[in-house]
Amino acid sequence: MVIRILLFTTCVASSLISAPIADRAGNVEKQLTPRLRIDGQPAVQWAIDDRQALHKVPAVSVAVINDGKIEWAKGYGAGISPQTQFQAASISKPVAAMTALRMVVRGELSLDEDVNKRLKSWKIPQNTWGKPVTLRQILSHTAGLTVHGFPGYAKTAPIPTLVQILNGEKPANTEAVVVDVEPGSIYRYSGGGYEVVQLLIEDVTGKPFAQVVKSLVLEPAGMKDSGYDQPLPGKAALAYNGKGEPVSGGWHVYPEQAAAGLWTTPSDLARFLLAVNASKLLPQSMTTDMLTPVKDGYALGFGIEGSGEAETFGHGGSNMGYRCTATLFRNGRQGAVVMTNGDNGDAIANELVRAVAQEYGWPSHKPVTMKVAVLSDAQLAALTGEFQDGNMKVRVTSGGKSLKVSAFGQVFEFVPKTELHFIPLMDGPPELLFDKDSDGKVTGLTAAGRKLKKL
């Protein structure tokens, strides 16, 4: 069944796409690129259908921005079109942030006052430092609030109220949202903070969050295929786990709307990015504020990367069965949005963005060229075998001049930086550091801080 799903059909955004643009789209489809290029070796490129099959991601949708407009949009997978909706996951946050900032402009909210002054249904508990929490801090993840992210709820599960989520009360499946780090002191990502924003918007307006966002952001930005309510029947891409198996019920429900509940399309997110950059939703001064980093490269709802002509703003997203990414250069001329319906979708999304970057000559987001160590067959063979830590078990084999690591139902390729330090060619896997004893025998490996013993 999964194999049939992965044998995809391609849906073109419009029959009006010109031949030159169709050629560029075709080039992108054939040149998905790993994050690393090996110095002195031919460039590796993949076709999108091959990557969908490898990553077990049935549906992919992309919108490409060039010369300040959406140049083309396509869907890949059975029944997938540019109008198919995906869960935006954490890309919900910049849309929620824009809603709050538009309310600031209207005088309904303030960026730098204690948010407890306008919260009615619930209050942020007092913190050890006795400091107030502000909207600016929450939007920039510097408020010291807890709860990184949310797993969502099966469609058949009881759905908690927003206040229950904030209090960590059943049927909520996450802890209470509290301040446990001094407000304003550090950047720490907090989906919980954005749920405070959701309640703040509802308390101040007296209206449902989804309704306020629709009137203040979605409609003005031309996001006609977007909403924080459940998607229209037949318009949604169903979610799949990392093994390529469908998520029970089709997808998880996210009452944590501001943090993770937006349903949308790449084209609509591209429209949003362009509207933000052109100050169509905010005065220029407030747009500048929104896109100015507060700490560690995070601004008010967006992550900021690069500098000068290479400066971009954007966000990624990760919900159960959905992965996505969106980026736009600050000059407003080039960008891309990729949405997928699989837990392994980050890899293919990043590969697609690099393909777009190469085709359109972006100043960043291209693969990094690396010089690898040359190891003998014996040195590589000494690193092979099975390694385990608890329920995590991987198998390492050698192939050519690299290592192949089988884990989580996938096979990843690693190249040597040194004899014991290996770098993944693909996005996602951590670097590997092999351990040797005093006799030179390999005893284990470390990945993402986790030590696995050789069996």
# chains A, B, ... in the order shown; residues from 1 in each chain; ligands from 1
call {"tool": "residues_around", "arguments": {"residues": "Pro424 in chain A", "least_positions_apart": "2", "cutoff": "9 Å", "atoms": "only C-alpha atoms", "output": "PyMOL selection string"}}
result
chain A and resi 35-36+412-415+422+426-432
call {"tool": "write_last_selection", "arguments": {"atoms": "C-alpha atoms", "output": "PDB file, in the first residue's frame"}}
result
ATOM      1  CA  ARG A  35      24.048  19.429   2.439  1.00  0.00           C
ATOM      2  CA  LEU A  36      27.655  18.370   1.791  1.00  0.00           C
ATOM      3  CA  PHE A 412      22.176   7.202   6.067  1.00  0.00           C
ATOM      4  CA  GLU A 413      25.571   7.795   4.480  1.00  0.00           C
ATOM      5  CA  PHE A 414      28.453   9.271   6.491  1.00  0.00           C
ATOM      6  CA  VAL A 415      31.838  10.463   5.231  1.00  0.00           C
ATOM      7  CA  PHE A 422      32.051  11.071  10.515  1.00  0.00           C
ATOM      8  CA  MET A 426      21.984  14.070   4.401  1.00  0.00           C
ATOM      9  CA  ASP A 427      20.093  16.470   6.624  1.00  0.00           C
ATOM     10  CA  GLY A 428      18.872  15.178   9.944  1.00  0.00           C
ATOM     11  CA  PRO A 429      21.330  12.634  11.369  1.00  0.00           C
ATOM     12  CA  PRO A 430      23.883  13.871  13.932  1.00  0.00           C
ATOM     13  CA  GLU A 431      27.634  13.584  13.470  1.00  0.00           C
ATOM     14  CA  LEU A 432      29.238  10.357  14.701  1.00  0.00           C
TER      15      LEU A 432
END
call {"tool": "residues_around", "arguments": {"residues": "Ala336 in chain A", "least_positions_apart": "3", "cutoff": "9 Å", "atoms": "only C-alpha atoms", "output": "list in words"}}
result
Val62, Ala63, Val64, Ile65, Asn66, Ile70, Pro266, Ala270, Thr325, Ala326, Thr327, Leu328, Val353, Val356 and Ala357 of chain A
call {"tool": "residues_around", "arguments": {"residues": "Leu352 in chain A", "least_positions_apart": "2", "cutoff": "9 Å", "atoms": "only C-alpha atoms", "output": "PDB file with C-alpha atoms, in the first residue's frame"}}
result
ATOM      1  CA  VAL A  28      14.811  21.816  -9.514  1.00  0.00           C
ATOM      2  CA  GLU A  29      12.975  18.484  -9.509  1.00  0.00           C
ATOM      3  CA  GLN A  31      18.766  18.347  -8.705  1.00  0.00           C
ATOM      4  CA  LEU A  32      17.837  17.828  -5.068  1.00  0.00           C
ATOM      5  CA  THR A  33      21.123  18.178  -3.271  1.00  0.00           C
ATOM      6  CA  ILE A  48      12.370  14.281  -6.217  1.00  0.00           C
ATOM      7  CA  VAL A  62       6.572  23.748  -3.095  1.00  0.00           C
ATOM      8  CA  VAL A 338       8.220  23.552   1.054  1.00  0.00           C
ATOM      9  CA  ALA A 347      15.425  16.131   4.772  1.00  0.00           C
ATOM     10  CA  ILE A 348      13.568  16.388   1.472  1.00  0.00           C
ATOM     11  CA  ALA A 349      12.464  19.975   2.247  1.00  0.00           C
ATOM     12  CA  ASN A 350      16.065  21.058   2.799  1.00  0.00           C
ATOM     13  CA  ARG A 354      19.145  23.780  -1.945  1.00  0.00           C
ATOM     14  CA  ALA A 355      17.993  22.748  -5.431  1.00  0.00           C
ATOM     15  CA  VAL A 356      16.092  26.032  -5.756  1.00  0.00           C
ATOM     16  CA  ALA A 357      19.119  27.954  -4.433  1.00  0.00           C
TER      17      ALA A 357
END
call {"tool": "closest_residue", "arguments": {"among": "A:Ala221, A:Leu139, A:Leu274, A:Met320", "to": "Asp67 in chain A", "atoms": "only C-alpha atoms"}}
result
A:Leu274
call {"tool": "closest_atom_pairs", "arguments": {"of": "range 7-124 of chain A", "to": "range 241-261 of chain A", "cutoff": "12 Å", "atoms": "only C-alpha atoms", "output": "Markdown table"}}
result
| residue | atom | partner | partner_atom | distance |
| --- | --- | --- | --- | --- |
| A:Gln52 | CA | A:Gly244 | CA | 10.1 |
| A:Ala53 | CA | A:Gly244 | CA | 9.1 |
| A:Leu54 | CA | A:Gly244 | CA | 9.8 |
| A:His55 | CA | A:Gly242 | CA | 7.8 |
| A:Lys56 | CA | A:Gly244 | CA | 4.8 |
| A:Val57 | CA | A:Gly244 | CA | 6.6 |
| A:Pro58 | CA | A:Gly244 | CA | 7.7 |
| A:Ala59 | CA | A:Gly244 | CA | 11.0 |
| A:Phe86 | CA | A:Trp251 | CA | 10.0 |
| A:Gln87 | CA | A:Gly261 | CA | 7.0 |
| A:Ala88 | CA | A:Ala260 | CA | 6.9 |
| A:Ala89 | CA | A:Ala260 | CA | 4.2 |
| A:Ser90 | CA | A:Ala260 | CA | 5.0 |
| A:Ile91 | CA | A:Ala260 | CA | 7.2 |
| A:Ser92 | CA | A:Ala260 | CA | 5.3 |
| A:Lys93 | CA | A:Ala259 | CA | 5.2 |
| A:Pro94 | CA | A:Ala258 | CA | 8.8 |
| A:Val95 | CA | A:Ala258 | CA | 7.9 |
| A:Ala96 | CA | A:Ala258 | CA | 5.4 |
| A:Ala97 | CA | A:Ala258 | CA | 8.3 |
| A:Met98 | CA | A:Ala258 | CA | 10.8 |
| A:Thr99 | CA | A:Ala258 | CA | 9.8 |
| A:Ala100 | CA | A:Ala258 | CA | 10.5 |
call {"tool": "atom_distance", "arguments": {"atom1": "CA of Val104 in chain A", "atom2": "CA of Asn277 in chain A"}}
result
18.1 Å
call {"tool": "closest_residue", "arguments": {"among": "A:Lys454, A:Arg136, A:Arg323, A:Lys123", "to": "Leu111 in chain A", "atoms": "only C-alpha atoms"}}
result
A:Arg136
call {"tool": "atom_distance", "arguments": {"atom1": "CA of Leu273 in chain A", "atom2": "CA of Ser285 in chain A"}}
result
16.8 Å
call {"tool": "residues_around", "arguments": {"residues": "Arg395 in chain A", "least_positions_apart": "6", "cutoff": "9 Å", "atoms": "only C-alpha atoms", "output": "list in words"}}
result
Thr384, Gly385, Glu386, Phe387, Gln388, Lys404, Val405, Ser406 and Ala407 of chain A
call {"tool": "select_by_dssp", "arguments": {"residues": "range 40-76 of chain A", "states": "helix (DSSP H, G or I)", "output": "MDAnalysis selection string"}}
result
chainID A and resid 48:55
call {"tool": "residues_around", "arguments": {"residues": "range 207-213 of chain A", "least_positions_apart": "5", "cutoff": "7 Å", "atoms": "only C-alpha atoms", "output": "PyMOL selection string"}}
result
chain A and resi 99+198+201-202+218+227-229
call {"tool": "write_last_selection", "arguments": {"atoms": "N, CA and C atoms", "output": "CSV table (one decimal), in the first residue's frame"}}
result
chain,number,residue,atom,x,y,z
A,99,THR,N,-0.6,38.7,13.9
A,99,THR,CA,-1.9,39.1,14.4
A,99,THR,C,-1.7,40.0,15.6
A,198,GLN,N,-2.1,33.4,22.2
A,198,GLN,CA,-3.4,33.0,21.7
A,198,GLN,C,-4.5,33.4,22.7
A,201,ILE,N,-5.0,37.3,22.8
A,201,ILE,CA,-5.8,37.8,21.7
A,201,ILE,C,-7.3,37.6,21.9
A,202,GLU,N,-7.6,36.4,22.4
A,202,GLU,CA,-9.0,36.0,22.6
A,202,GLU,C,-9.6,36.9,23.7
A,218,LEU,N,-5.0,36.7,7.5
A,218,LEU,CA,-5.2,35.8,6.3
A,218,LEU,C,-5.9,36.5,5.2
A,227,GLY,N,-6.3,28.5,7.2
A,227,GLY,CA,-7.1,28.8,8.4
A,227,GLY,C,-6.7,27.9,9.6
A,228,TYR,N,-7.0,28.4,10.8
A,228,TYR,CA,-6.7,27.7,12.0
A,228,TYR,C,-7.8,26.7,12.4
A,229,ASP,N,-8.9,26.6,11.6
A,229,ASP,CA,-9.9,25.6,11.8
A,229,ASP,C,-9.5,24.3,11.1
call {"tool": "residues_around", "arguments": {"residues": "Ser226 in chain A", "least_positions_apart": "2", "cutoff": "6 Å", "atoms": "only C-alpha atoms", "output": "PyMOL selection string"}}
result
chain A and resi 223-224+263-264
call {"tool": "closest_residue", "arguments": {"among": "A:Met290, A:Ala176, A:Val374, A:Ala275", "to": "Gly400 in chain A", "atoms": "only C-alpha atoms"}}
result
A:Val374
call {"tool": "closest_residue", "arguments": {"among": "A:Ser110, A:Thr265, A:Thr292, A:Thr142", "to": "Ser307 in chain A", "atoms": "only C-alpha atoms"}}
result
A:Thr292
call {"tool": "decode", "arguments": {"residues": "range 267-284 of chain A", "atoms": "N, CA and C atoms", "output": "CSV table (one decimal), in the first residue's frame"}}
result
chain,number,residue,atom,x,y,z
A,267,SER,N,1.9,28.2,-1.3
A,267,SER,CA,1.6,29.5,-2.0
A,267,SER,C,1.1,30.5,-1.1
A,268,ASP,N,0.2,30.1,-0.2
A,268,ASP,CA,-0.3,31.1,0.8
A,268,ASP,C,0.8,31.6,1.8
A,269,LEU,N,1.7,30.7,2.2
A,269,LEU,CA,2.8,31.1,3.0
A,269,LEU,C,3.8,32.0,2.3
A,270,ALA,N,3.9,31.8,1.0
A,270,ALA,CA,4.8,32.7,0.2
A,270,ALA,C,4.1,34.1,0.1
A,271,ARG,N,2.8,34.1,0.0
A,271,ARG,CA,2.1,35.4,-0.1
A,271,ARG,C,2.3,36.1,1.3
A,272,PHE,N,2.3,35.4,2.4
A,272,PHE,CA,2.5,36.0,3.7
A,272,PHE,C,3.9,36.5,3.8
A,273,LEU,N,4.9,35.8,3.4
A,273,LEU,CA,6.3,36.3,3.5
A,273,LEU,C,6.4,37.6,2.7
A,274,LEU,N,5.9,37.6,1.5
A,274,LEU,CA,6.0,38.8,0.6
A,274,LEU,C,5.2,40.0,1.2
A,275,ALA,N,4.1,39.7,1.8
A,275,ALA,CA,3.3,40.8,2.5
A,275,ALA,C,4.0,41.4,3.7
A,276,VAL,N,4.7,40.5,4.4
A,276,VAL,CA,5.5,40.9,5.6
A,276,VAL,C,6.6,41.8,5.1
A,277,ASN,N,7.4,41.4,4.1
A,277,ASN,CA,8.5,42.1,3.7
A,277,ASN,C,8.2,43.4,3.1
A,278,ALA,N,7.1,43.5,2.4
A,278,ALA,CA,6.7,44.7,1.7
A,278,ALA,C,5.9,45.7,2.6
A,279,SER,N,5.8,45.3,3.9
A,279,SER,CA,5.1,46.1,4.9
A,279,SER,C,3.6,46.4,4.5
A,280,LYS,N,3.0,45.4,3.9
A,280,LYS,CA,1.6,45.5,3.6
A,280,LYS,C,0.7,45.3,4.7
A,281,LEU,N,1.2,44.7,5.8
A,281,LEU,CA,0.4,44.4,7.0
A,281,LEU,C,0.7,45.2,8.2
A,282,LEU,N,1.9,45.9,8.2
A,282,LEU,CA,2.4,46.7,9.3
A,282,LEU,C,3.0,47.9,8.7
A,283,PRO,N,3.0,49.0,9.5
A,283,PRO,CA,3.9,50.2,9.1
A,283,PRO,C,5.3,49.7,9.0
A,284,GLN,N,6.1,50.4,8.2
A,284,GLN,CA,7.5,50.1,8.0
A,284,GLN,C,8.3,49.9,9.3
